[in-house]
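A.B. asks: Following this message is one structure expressed as structure tokens.
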Amino acid sequence: MKHRIVVLGAGYAGVYVAGNLVRRLSPADTEITVVNAVPDFVERLRLHQLAAGREIEAQKLADLFAGTGIRLRLARVTAVDPERQVVAVADADGGGELGYDTLVYALGSAGDVDGVPGVAEHAFDVTGRPSALRLRERLDSLDSLDSLGRRGRRGRRGEGGSVLVVGDGLTGIETATEIAESRPGLSVTLVARGELGAPLSAGARSHLHQACDRLGITVLEHTSAEAVEATRVLCADGTALASDATVWTAGFAVSPIAAASGLEVTENGRIVVDRTMRSVSHPNVYAVGDSGYAIGDNGRPLPMSCASAGFTGGQAIHAIVGRLTGRKIAKTKLVYLGNHISLGRRDGILQMVDDEGQAKPTYVGGRKAARIKAGILKMSLWANSHPTFGVPRRKRRLAGAPDVSAATLGGPRAQHRH
């Protein structure tokens with residue numbers, strides 16, 4: 001019987017892991033199934049651009065996995081039972097259960113909409129393609145009202161509807177600047193709980209504020225949103241901010257499925273893993289990307305980010321291949337190098353950090369930073385569009401499987417299963 005590897009989630013981490021496993025493990029011994037709720041690969045790093053109006057084509061996962069040997073199951077994960085080693089799913093046909101021998105949990109994260117009243121009912125977000133398109137439709141309607149003379153002449157900055165972006169993290173900054181640049185007729189306000197750009201160096205913070213000024217963005221620092229209503233946001237200091245479209249980017253949350261499964265998780269539901277991304281409570285479960293709580297090489301938890309997905313995914317690949325084939329597990333770096341922030345299409349900030357995660361004194365800004373960020377986005381898309389690029393000359397058999405070519409590789413193979 002083949003060893004069943006099930007990957008939950010087809011975001012950056014899930015596609016990366018599945019593609020690498022299928023090119024390293026022999027199909028004679030393994031079968032790999034990817035479970036995802038939607039048929040498209042979602043470029044989450046570009047969803048703020050999609051919401052602002054850019055045309056971004058959605059790649060079909062079926063096309064992406066065609067010819068790779070990866071099985072795609074379009075279904076929503078409803079539960080994981082690590083004791084029985086099954087995953088419960090729901091789809092148009094009613095769903096069912098998938099059994100696994102090795103599970104890769106890569107369900108990622110979504111906007112945290114439960115902590116503040118009214119967010120789920122009234123706010124928009126850019127953590128999924130459907131939600132980004134809903135925001136885009138709302139922005140289109142505001143632009144249309146502006147063109148009919150609702151608040152002034154078309155094209156004059158800030159004379160259209162009001163857009164309130166709550167959250168001063170990277171997603172909030174990129175969303176606010178993209179909307180302000182793409183839709184100059186709208187009035188954009190960015191609400192920051194603390195100082196805008198606090199994790200950045202002094203020079204990068206200054207660059208960020210200059211960009212907001214150039215784009216006509218109103219920045220409200222040290223402002224805490226306490227409730228969201230249909231046409232306004234209520235703040236902790238008693239003020240009410242008018243809003244025709246509120247975009248919520250103040251924090252992210254993982255699915256409650258892992259916590260409900262009995263896997264060891266953190267307070268916020270992320271799966272606790274060891275250095276190889278294996279669950280500390282269930283050794284045949286691996287967690288990668290935002291779903292996993294991993295400690296980096298500097299002794300600090302890796303942040304939720306696309307970069308972390310790459311490092312954790314790479315380590316999980318080495319661990320799974322090593323354990324299944326009886327080979328030594330290679331160790332990858334678990335580091336966080338810095339932040340790449342888009343400030344519209346022609347501006348950006350590249351801020352590197354030191355070993356303690358603190359911003360280095362220097363940064364790269366302007367068009368050069370924008371080009372670097374665009375290159376990163378293009379490279380990420382290409383890599384996920386070619387999940388089995390660089391197929392090795394020989395795929396590995398599982399430990400214990402007959403291996404007629406072992407002698408040609410210069411040594412015996414392990415004869416027990418890990």
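Residues in the structure tokens are numbered from 1 in each chain, the chains being A, B, ... in the order shown, and ligands are numbered from 1 in the order shown.
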What lies within 7 Å of stretch 112-117 of chain A using only C-alpha atoms, ignoring chain neighbours under 2 positions off, as a PDB file with N, CA and C atoms, in the first residue's frame?
C.D. replies:
```pdb
ATOM      1  N   ALA A 110      -6.402  34.006   8.065  1.00  0.00           N
ATOM      2  CA  ALA A 110      -7.365  34.940   7.486  1.00  0.00           C
ATOM      3  C   ALA A 110      -7.457  36.142   8.404  1.00  0.00           C
ATOM      4  N   VAL A 119     -16.964  44.073  12.866  1.00  0.00           N
ATOM      5  CA  VAL A 119     -16.003  43.846  11.791  1.00  0.00           C
ATOM      6  C   VAL A 119     -16.541  42.822  10.798  1.00  0.00           C
ATOM      7  N   ALA A 120     -17.010  41.692  11.291  1.00  0.00           N
ATOM      8  CA  ALA A 120     -17.497  40.631  10.413  1.00  0.00           C
ATOM      9  C   ALA A 120     -18.676  41.101   9.566  1.00  0.00           C
ATOM     10  N   GLU A 226     -12.701  50.537  18.179  1.00  0.00           N
ATOM     11  CA  GLU A 226     -13.413  49.705  19.150  1.00  0.00           C
ATOM     12  C   GLU A 226     -14.665  49.058  18.575  1.00  0.00           C
ATOM     13  N   ALA A 227     -15.208  49.589  17.500  1.00  0.00           N
ATOM     14  CA  ALA A 227     -16.400  49.016  16.884  1.00  0.00           C
ATOM     15  C   ALA A 227     -16.524  49.530  15.462  1.00  0.00           C
ATOM     16  N   VAL A 228     -17.095  48.697  14.594  1.00  0.00           N
ATOM     17  CA  VAL A 228     -17.306  49.068  13.193  1.00  0.00           C
ATOM     18  C   VAL A 228     -18.800  49.051  12.906  1.00  0.00           C
ATOM     19  N   GLY A 251      -4.693  42.559  12.183  1.00  0.00           N
ATOM     20  CA  GLY A 251      -4.434  41.248  12.750  1.00  0.00           C
ATOM     21  C   GLY A 251      -4.997  40.111  11.925  1.00  0.00           C
ATOM     22  N   PHE A 252      -4.396  38.938  12.119  1.00  0.00           N
ATOM     23  CA  PHE A 252      -4.790  37.747  11.390  1.00  0.00           C
ATOM     24  C   PHE A 252      -5.005  36.598  12.369  1.00  0.00           C
ATOM     25  N   ALA A 253      -5.821  35.648  11.966  1.00  0.00           N
ATOM     26  CA  ALA A 253      -6.148  34.509  12.811  1.00  0.00           C
ATOM     27  C   ALA A 253      -6.091  33.228  11.985  1.00  0.00           C
TER      28      ALA A 253
END
```
A.B. asks: Give the strand (DSSP E) residues of stretch 180-335 of chain A, as assigned by DSSP on the backbone, as a ChimeraX atom specification.
C.D. replies: /A:187-191,218-220,225-228,232-235,240-242,245-248,252-254,271-272,285-287,292-293
A.B. asks: Go ahead and write the residues just picked, N, CA and C atoms, as a compact mmCIF listing (two decimals), in the first residue's frame.
C.D. replies:
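The resulting file, out-v8.txt, is reproduced below:
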```txt
# COMPACT_ATOMS: atom_id res chain seq x y z
N SER A 187 -11.12 59.49 -0.69
CA SER A 187 -10.39 59.97 0.49
C SER A 187 -9.98 58.76 1.32
N VAL A 188 -8.68 58.57 1.54
CA VAL A 188 -8.17 57.38 2.24
C VAL A 188 -7.57 57.80 3.58
N THR A 189 -7.99 57.12 4.64
CA THR A 189 -7.45 57.34 5.97
C THR A 189 -6.89 56.03 6.49
N LEU A 190 -5.68 56.08 7.05
CA LEU A 190 -5.02 54.91 7.62
C LEU A 190 -4.99 55.05 9.14
N VAL A 191 -5.62 54.12 9.84
CA VAL A 191 -5.72 54.16 11.30
C VAL A 191 -4.67 53.25 11.90
N THR A 218 -4.60 60.40 4.90
CA THR A 218 -4.64 60.91 6.27
C THR A 218 -4.22 59.79 7.22
N VAL A 219 -3.23 60.05 8.04
CA VAL A 219 -2.73 59.04 8.98
C VAL A 219 -3.16 59.43 10.39
N LEU A 220 -3.85 58.53 11.06
CA LEU A 220 -4.26 58.73 12.45
C LEU A 220 -3.48 57.75 13.32
N ALA A 225 -9.48 51.34 17.16
CA ALA A 225 -10.86 51.13 16.72
C ALA A 225 -11.54 50.14 17.65
N GLU A 226 -12.70 50.54 18.18
CA GLU A 226 -13.41 49.71 19.15
C GLU A 226 -14.67 49.06 18.57
N ALA A 227 -15.21 49.59 17.50
CA ALA A 227 -16.40 49.02 16.88
C ALA A 227 -16.52 49.53 15.46
N VAL A 228 -17.10 48.70 14.59
CA VAL A 228 -17.31 49.07 13.19
C VAL A 228 -18.80 49.05 12.91
N ARG A 232 -19.44 54.14 9.78
CA ARG A 232 -18.44 54.79 10.63
C ARG A 232 -17.71 53.76 11.48
N VAL A 233 -16.58 54.21 12.03
CA VAL A 233 -15.80 53.41 12.97
C VAL A 233 -15.70 54.18 14.27
N LEU A 234 -16.03 53.52 15.37
CA LEU A 234 -15.98 54.14 16.68
C LEU A 234 -14.63 53.83 17.33
N CYS A 235 -13.99 54.87 17.88
CA CYS A 235 -12.67 54.74 18.45
C CYS A 235 -12.71 54.77 19.98
N ALA A 240 -15.77 59.32 16.34
CA ALA A 240 -16.37 58.49 15.30
C ALA A 240 -15.82 58.92 13.95
N LEU A 241 -15.31 57.96 13.19
CA LEU A 241 -14.71 58.25 11.89
C LEU A 241 -15.66 57.81 10.79
N ALA A 242 -16.08 58.76 9.97
CA ALA A 242 -16.99 58.42 8.88
C ALA A 242 -16.29 57.54 7.85
N ALA A 245 -16.33 52.84 3.18
CA ALA A 245 -15.79 51.48 3.03
C ALA A 245 -14.69 51.31 4.06
N THR A 246 -14.89 50.41 5.02
CA THR A 246 -13.88 50.14 6.05
C THR A 246 -13.15 48.86 5.71
N VAL A 247 -11.83 48.95 5.61
CA VAL A 247 -10.99 47.79 5.30
C VAL A 247 -10.26 47.37 6.57
N TRP A 248 -10.49 46.15 7.01
CA TRP A 248 -9.92 45.69 8.29
C TRP A 248 -8.67 44.87 8.03
N PHE A 252 -4.40 38.94 12.12
CA PHE A 252 -4.79 37.75 11.39
C PHE A 252 -5.01 36.60 12.37
N ALA A 253 -5.82 35.65 11.97
CA ALA A 253 -6.15 34.51 12.81
C ALA A 253 -6.09 33.23 11.99
N VAL A 254 -5.74 32.13 12.64
CA VAL A 254 -5.71 30.84 11.96
C VAL A 254 -7.04 30.12 12.18
N ILE A 271 -0.21 25.52 15.37
CA ILE A 271 0.31 24.22 15.76
C ILE A 271 1.76 24.35 16.21
N VAL A 272 2.06 23.85 17.41
CA VAL A 272 3.42 23.90 17.95
C VAL A 272 4.26 22.81 17.28
N VAL A 285 2.26 14.59 11.73
CA VAL A 285 1.63 15.83 11.29
C VAL A 285 2.69 16.93 11.23
N TYR A 286 2.74 17.63 10.12
CA TYR A 286 3.65 18.75 9.95
C TYR A 286 2.81 20.01 9.70
N ALA A 287 3.29 21.13 10.21
CA ALA A 287 2.59 22.41 10.00
C ALA A 287 3.56 23.40 9.39
N GLY A 292 1.78 27.07 11.46
CA GLY A 292 2.74 26.51 12.41
C GLY A 292 3.38 27.55 13.30
N TYR A 293 3.64 27.16 14.53
CA TYR A 293 4.36 28.02 15.47
C TYR A 293 5.78 27.48 15.58
```
A.B. asks: I'd like the contact shell of A:Met277 - 10 Å cut-off, only C-alpha atoms, skipping same-chain residues fewer than 6 positions apart - returned as a list in words.
C.D. replies: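 Counting only C-alpha atoms, the residues come to Val104, Ile271, Pro283, Val285, Tyr286, Ala287, Val288, Gly289, Gly292, Tyr293, Ala294, Ile295, Thr312, Gly313, Gly314, Gln315, Ala316, Ile317, His318, Ala319 and Ile320 of chain A.
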A.B. asks: Smallest atom-to-atom distance to A:Tyr12: which of A:Asp101, A:Asp274, A:Asp290, A:Glu178, using only C-alpha atoms?
C.D. replies: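 The answer is A:Asp290, which sits nearest to A:Tyr12.
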A.B. asks: Interatomic distance between atom CA of A:Val89 and atom CA of A:Ser131?
C.D. replies: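 Straight-line distance from atom CA of A:Val89 to atom CA of A:Ser131 works out to 22.4 Å.
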A.B. asks: Between atom CA of A:Val80 and atom CA of A:Ser261, what distance in Å does the model show, to one decimal?
C.D. replies: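 Between atom CA of A:Val80 and atom CA of A:Ser261 the gap is 5.4 Å.
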A.B. asks: Quick one: which stretch 137-248 of chain A residues come within 10 Å of stretch 37-53 of chain A, and what is the nearest atom pair for each with the distance in Å to one decimal, counting only C-alpha atoms, rows ordered by chain and ascending number, as a Markdown table?
C.D. replies:
```
| residue | atom | partner | partner_atom | distance |
| --- | --- | --- | --- | --- |
| A:Glu137 | CA | A:Ala51 | CA | 8.1 |
| A:Arg138 | CA | A:Ala51 | CA | 9.3 |
| A:Leu139 | CA | A:Ala52 | CA | 7.6 |
| A:Asp140 | CA | A:Gly53 | CA | 8.4 |
| A:Thr171 | CA | A:His48 | CA | 7.8 |
| A:Gly172 | CA | A:His48 | CA | 9.0 |
| A:Ile173 | CA | A:His48 | CA | 9.9 |
| A:Glu174 | CA | A:His48 | CA | 7.0 |
| A:Thr175 | CA | A:His48 | CA | 5.1 |
| A:Ala176 | CA | A:His48 | CA | 8.6 |
| A:Thr177 | CA | A:His48 | CA | 9.5 |
| A:Glu178 | CA | A:Ala52 | CA | 6.3 |
| A:Ile179 | CA | A:Ala52 | CA | 5.0 |
| A:Ala180 | CA | A:Ala52 | CA | 8.6 |
| A:Glu181 | CA | A:Ala52 | CA | 8.9 |
| A:Ser182 | CA | A:Ala52 | CA | 6.3 |
| A:Arg183 | CA | A:Ala52 | CA | 7.4 |
```
A.B. asks: Atoms to include: N, CA and C atoms. Write the selected residues as a PDB file, in the first residue's frame.
C.D. replies:
```pdb
ATOM      1  N   GLU A 137     -15.557  45.932  -5.792  1.00  0.00           N
ATOM      2  CA  GLU A 137     -16.900  46.329  -6.239  1.00  0.00           C
ATOM      3  C   GLU A 137     -17.389  47.543  -5.458  1.00  0.00           C
ATOM      4  N   ARG A 138     -17.107  47.570  -4.169  1.00  0.00           N
ATOM      5  CA  ARG A 138     -17.517  48.717  -3.360  1.00  0.00           C
ATOM      6  C   ARG A 138     -16.767  49.977  -3.777  1.00  0.00           C
ATOM      7  N   LEU A 139     -15.487  49.859  -4.017  1.00  0.00           N
ATOM      8  CA  LEU A 139     -14.704  51.014  -4.459  1.00  0.00           C
ATOM      9  C   LEU A 139     -15.181  51.502  -5.828  1.00  0.00           C
ATOM     10  N   ASP A 140     -15.536  50.564  -6.701  1.00  0.00           N
ATOM     11  CA  ASP A 140     -16.084  50.950  -8.006  1.00  0.00           C
ATOM     12  C   ASP A 140     -17.356  51.766  -7.838  1.00  0.00           C
ATOM     13  N   THR A 171       0.125  44.835   5.570  1.00  0.00           N
ATOM     14  CA  THR A 171      -1.070  44.739   4.732  1.00  0.00           C
ATOM     15  C   THR A 171      -1.843  46.049   4.718  1.00  0.00           C
ATOM     16  N   GLY A 172      -1.983  46.672   5.884  1.00  0.00           N
ATOM     17  CA  GLY A 172      -2.689  47.944   5.958  1.00  0.00           C
ATOM     18  C   GLY A 172      -1.994  49.033   5.172  1.00  0.00           C
ATOM     19  N   ILE A 173      -0.679  49.111   5.308  1.00  0.00           N
ATOM     20  CA  ILE A 173       0.086  50.129   4.587  1.00  0.00           C
ATOM     21  C   ILE A 173      -0.030  49.921   3.072  1.00  0.00           C
ATOM     22  N   GLU A 174       0.155  48.679   2.627  1.00  0.00           N
ATOM     23  CA  GLU A 174       0.097  48.416   1.188  1.00  0.00           C
ATOM     24  C   GLU A 174      -1.301  48.646   0.630  1.00  0.00           C
ATOM     25  N   THR A 175      -2.316  48.296   1.398  1.00  0.00           N
ATOM     26  CA  THR A 175      -3.689  48.495   0.927  1.00  0.00           C
ATOM     27  C   THR A 175      -4.029  49.969   0.817  1.00  0.00           C
ATOM     28  N   ALA A 176      -3.693  50.738   1.842  1.00  0.00           N
ATOM     29  CA  ALA A 176      -4.004  52.164   1.836  1.00  0.00           C
ATOM     30  C   ALA A 176      -3.291  52.895   0.696  1.00  0.00           C
ATOM     31  N   THR A 177      -2.009  52.609   0.503  1.00  0.00           N
ATOM     32  CA  THR A 177      -1.258  53.312  -0.537  1.00  0.00           C
ATOM     33  C   THR A 177      -1.709  52.892  -1.931  1.00  0.00           C
ATOM     34  N   GLU A 178      -2.041  51.616  -2.113  1.00  0.00           N
ATOM     35  CA  GLU A 178      -2.492  51.142  -3.423  1.00  0.00           C
ATOM     36  C   GLU A 178      -3.825  51.776  -3.796  1.00  0.00           C
ATOM     37  N   ILE A 179      -4.763  51.834  -2.854  1.00  0.00           N
ATOM     38  CA  ILE A 179      -6.072  52.433  -3.140  1.00  0.00           C
ATOM     39  C   ILE A 179      -5.923  53.923  -3.409  1.00  0.00           C
ATOM     40  N   ALA A 180      -5.113  54.598  -2.598  1.00  0.00           N
ATOM     41  CA  ALA A 180      -4.945  56.043  -2.769  1.00  0.00           C
ATOM     42  C   ALA A 180      -4.335  56.374  -4.124  1.00  0.00           C
ATOM     43  N   GLU A 181      -3.373  55.579  -4.571  1.00  0.00           N
ATOM     44  CA  GLU A 181      -2.741  55.850  -5.863  1.00  0.00           C
ATOM     45  C   GLU A 181      -3.659  55.486  -7.024  1.00  0.00           C
ATOM     46  N   SER A 182      -4.370  54.355  -6.912  1.00  0.00           N
ATOM     47  CA  SER A 182      -5.198  53.871  -8.009  1.00  0.00           C
ATOM     48  C   SER A 182      -6.512  54.624  -8.139  1.00  0.00           C
ATOM     49  N   ARG A 183      -6.997  55.165  -7.026  1.00  0.00           N
ATOM     50  CA  ARG A 183      -8.303  55.835  -7.025  1.00  0.00           C
ATOM     51  C   ARG A 183      -8.185  57.194  -6.340  1.00  0.00           C
TER      52      ARG A 183
END
```
A.B. asks: Could you list, as a PyMOL selection string, every residue within 12 Å of A:Leu208, counting only C-alpha atoms and ignoring same-chain residues fewer than 5 positions away?
C.D. replies: chain A and resi 168+170+173-174+176-177+195-203+213-215+217+219+341-344+347-351+363-366
A.B. asks: I'd like the neighbourhood of A:Gly299 as a list of chain:residue names, where a residue qualifies if any of its atoms comes within 10 Å (using only C-alpha atoms), though same-chain residues fewer than 2 positions away should be ignored.
C.D. replies: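 Counting only C-alpha atoms, the residues come to A:Ala294, A:Ile295, A:Gly296, A:Asp297, A:Pro301, A:Leu302, A:Leu334, A:Val335, A:Asp355, A:Glu356.
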A.B. asks: Filtering to N, CA and C atoms, could you give me those residues as a PDB file, in the first residue's frame?
C.D. replies:
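Result written to result.pdb:
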```pdb
ATOM      1  N   ALA A 294       6.688  28.103  14.842  1.00  0.00           N
ATOM      2  CA  ALA A 294       8.070  27.638  14.758  1.00  0.00           C
ATOM      3  C   ALA A 294       9.015  28.668  15.351  1.00  0.00           C
ATOM      4  N   ILE A 295      10.037  28.186  16.024  1.00  0.00           N
ATOM      5  CA  ILE A 295      11.066  29.058  16.595  1.00  0.00           C
ATOM      6  C   ILE A 295      12.204  29.192  15.596  1.00  0.00           C
ATOM      7  N   GLY A 296      12.551  30.424  15.263  1.00  0.00           N
ATOM      8  CA  GLY A 296      13.615  30.676  14.313  1.00  0.00           C
ATOM      9  C   GLY A 296      14.986  30.471  14.901  1.00  0.00           C
ATOM     10  N   ASP A 297      15.997  30.616  14.064  1.00  0.00           N
ATOM     11  CA  ASP A 297      17.375  30.412  14.505  1.00  0.00           C
ATOM     12  C   ASP A 297      17.826  31.443  15.535  1.00  0.00           C
ATOM     13  N   PRO A 301       9.953  33.395  17.761  1.00  0.00           N
ATOM     14  CA  PRO A 301       8.976  32.797  16.852  1.00  0.00           C
ATOM     15  C   PRO A 301       9.036  33.463  15.478  1.00  0.00           C
ATOM     16  N   LEU A 302       8.967  32.659  14.440  1.00  0.00           N
ATOM     17  CA  LEU A 302       8.898  33.220  13.097  1.00  0.00           C
ATOM     18  C   LEU A 302       7.560  33.925  12.913  1.00  0.00           C
ATOM     19  N   LEU A 334      16.127  29.001   9.388  1.00  0.00           N
ATOM     20  CA  LEU A 334      14.831  29.520   9.822  1.00  0.00           C
ATOM     21  C   LEU A 334      15.066  30.952  10.277  1.00  0.00           C
ATOM     22  N   VAL A 335      14.991  31.859   9.317  1.00  0.00           N
ATOM     23  CA  VAL A 335      15.345  33.250   9.584  1.00  0.00           C
ATOM     24  C   VAL A 335      14.274  34.169   9.026  1.00  0.00           C
ATOM     25  N   ASP A 355      19.799  40.012  13.515  1.00  0.00           N
ATOM     26  CA  ASP A 355      19.520  38.692  14.080  1.00  0.00           C
ATOM     27  C   ASP A 355      18.479  38.730  15.188  1.00  0.00           C
ATOM     28  N   GLU A 356      18.264  39.894  15.770  1.00  0.00           N
ATOM     29  CA  GLU A 356      17.262  40.034  16.826  1.00  0.00           C
ATOM     30  C   GLU A 356      15.913  40.505  16.295  1.00  0.00           C
TER      31      GLU A 356
END
```
A.B. asks: Using only C-alpha atoms, which protein or nucleic acid residues come within 9 Å of A:Ala374? Drop anything in the same chain fewer than 4 positions from it, and give the result as a ChimeraX atom specification.
C.D. replies: /A:342,345,369-370,378-379
A.B. asks: Take atom CA of A:Arg346 and atom CA of A:Lys368 and report the distance between them in Å, one decimal.
C.D. replies: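 A separation of 8.6 Å between them.
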A.B. asks: Check the smallest atom-to-atom distance from each of A:Gly185, A:Glu121, A:Val165, A:Gly14 to A:Ala230 using only C-alpha atoms, then report the winner.
C.D. replies: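 Distance minimum relative to A:Ala230 lands on A:Glu121.
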A.B. asks: Could you check the closest approach to A:Gly310 for each of A:Val273, A:Val77, A:Val17, A:Leu377 and tell me which residue wins, using only C-alpha atoms?
C.D. replies: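 Ranking A:Val273, A:Val77, A:Val17, A:Leu377 by distance to A:Gly310, first place goes to A:Val17.
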A.B. asks: Between A:Ala106, A:Gln85, A:Val35, A:Thr332, single out the one closest to A:Tyr16, counting only C-alpha atoms.
C.D. replies: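 Going through A:Ala106, A:Gln85, A:Val35, A:Thr332 one by one, the smallest distance to A:Tyr16 is for A:Ala106.
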A.B. asks: Can you pull out the residues contacting stretch 63-76 of chain A? Cut-off 12 Å, using only C-alpha atoms, and skip same-chain residues under 5 positions away; I want them as a PyMOL selection string.
C.D. replies: chain A and resi 4-10+14-28+30-41+58+87-98+107+255+257+381-389+391
A.B. asks: From the list A:Ser281, A:Gly118, A:Ala399, A:Pro361, which residue is nearest A:Arg205 when using only C-alpha atoms?
C.D. replies: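 Checking each of A:Ser281, A:Gly118, A:Ala399, A:Pro361 against A:Arg205, counting only C-alpha atoms, the winner is A:Pro361.
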A.B. asks: For a quick check of understanding, using only C-alpha atoms, which of A:Gly269, A:Gly375, A:Gly161, A:Pro82 has the smallest distance to A:Gly99?
C.D. replies: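 Answer, going by the shortest atom-to-atom distance: A:Pro82.
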